[in-house]
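Reading through the structure tokens given below for one structure.
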Amino acid sequence: MIYPSIDKILNIVDSKYALVYIVSERSKQMTKTDYYQKPLKEYKCKKDIGRALEEVYDGLIHVEKH
């Protein structure tokens with residue numbers, strides 16, 4: 001099972017397409033800069049794409065709704 005659940009994240013982000021864009025950009029940023037908003041021990045996921053999803057779910061990435 002994926003953590004965090006996509007259904008829970010879609011309460012934060014309006015559409016799946018916006019979510020994919022936000023998470024992919026953040027994942028690329030993590031890979032390039034090696035900067036994480038939480039200590040690595042606190043992430044449940046080992047891959048950057050999952051870590052980006054966790055950041056959105058935890059409110060560390062603020063999404064503006066239009």
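Ordering of the structure tokens sets the chain letters (A, B, ...); residue numbers start at 1 within each chain; ligands are numbered from 1 in the order shown.
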- request: May I have the residues within 8 Å of A:Glu54 as a list of chain:residue names, using only C-alpha atoms and disregarding those fewer than 6 positions away in the same chain?
  value: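 Surrounding residues, per the criterion: A:Tyr3, A:Pro4, A:Tyr43.
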query: Tell me, which residues of chain A carry DSSP alpha helix (DSSP H), written as a ChimeraX atom specification?
result: /A:6-9,16-33,48-57
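The shortest atom-to-atom distance to A:Thr31, with only C-alpha atoms taken into account, belongs to A:Ala52 out of A:Leu60, A:Ile6, A:Val13, A:Ala52.
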Got a sec: who's within 12 Å of A:His62, counting only C-alpha atoms, leaving out chain neighbours fewer than 5 positions off, as a CSV table (one decimal) with N, CA and C atoms, in the first residue's frame?
```csv
chain,number,residue,atom,x,y,z
A,12,ILE,N,-6.0,17.8,-0.4
A,12,ILE,CA,-5.1,18.9,-0.3
A,12,ILE,C,-4.9,19.6,-1.7
A,13,VAL,N,-4.7,18.7,-2.7
A,13,VAL,CA,-4.4,19.2,-4.1
A,13,VAL,C,-5.7,18.9,-4.9
A,19,LEU,N,-1.1,17.2,-8.8
A,19,LEU,CA,-0.3,16.5,-7.8
A,19,LEU,C,0.9,15.8,-8.5
A,22,ILE,N,3.5,18.7,-9.2
A,22,ILE,CA,4.1,19.2,-7.9
A,22,ILE,C,5.1,18.1,-7.4
A,23,VAL,N,4.7,16.9,-7.3
A,23,VAL,CA,5.5,15.8,-6.7
A,23,VAL,C,6.7,15.6,-7.6
A,26,ARG,N,9.2,18.4,-7.2
A,26,ARG,CA,9.9,18.4,-5.9
A,26,ARG,C,10.9,17.2,-5.8
A,52,ALA,N,8.4,13.2,-1.6
A,52,ALA,CA,7.7,14.4,-2.0
A,52,ALA,C,6.2,14.3,-1.7
A,55,GLU,N,5.8,15.0,1.9
A,55,GLU,CA,5.9,16.4,2.2
A,55,GLU,C,4.6,17.2,1.9
A,56,VAL,N,3.9,16.8,0.8
A,56,VAL,CA,2.7,17.4,0.4
A,56,VAL,C,1.6,17.1,1.5
A,57,TYR,N,1.6,15.8,1.9
A,57,TYR,CA,0.6,15.4,2.9
A,57,TYR,C,0.8,16.0,4.2
```
- prompt: What is the atom CA of A:Tyr21 to atom CA of A:Lys46 distance in Å?
  reply: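 A separation of 19.8 Å between them.
One finds atom CA of A:Ser27 at 5.2 Å from atom CA of A:Asp48.
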message: One decimal, in Å: what's the spacing between atom CA of A:Asn11 and atom CA of A:Gly50?
response: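 Here the two named atoms are 17.4 Å from each other.
With distances restricted to only C-alpha atoms, A:Ile49 is the closest residue to A:Gln29 from A:Leu10, A:Ile2, A:Val63, A:Ile49.
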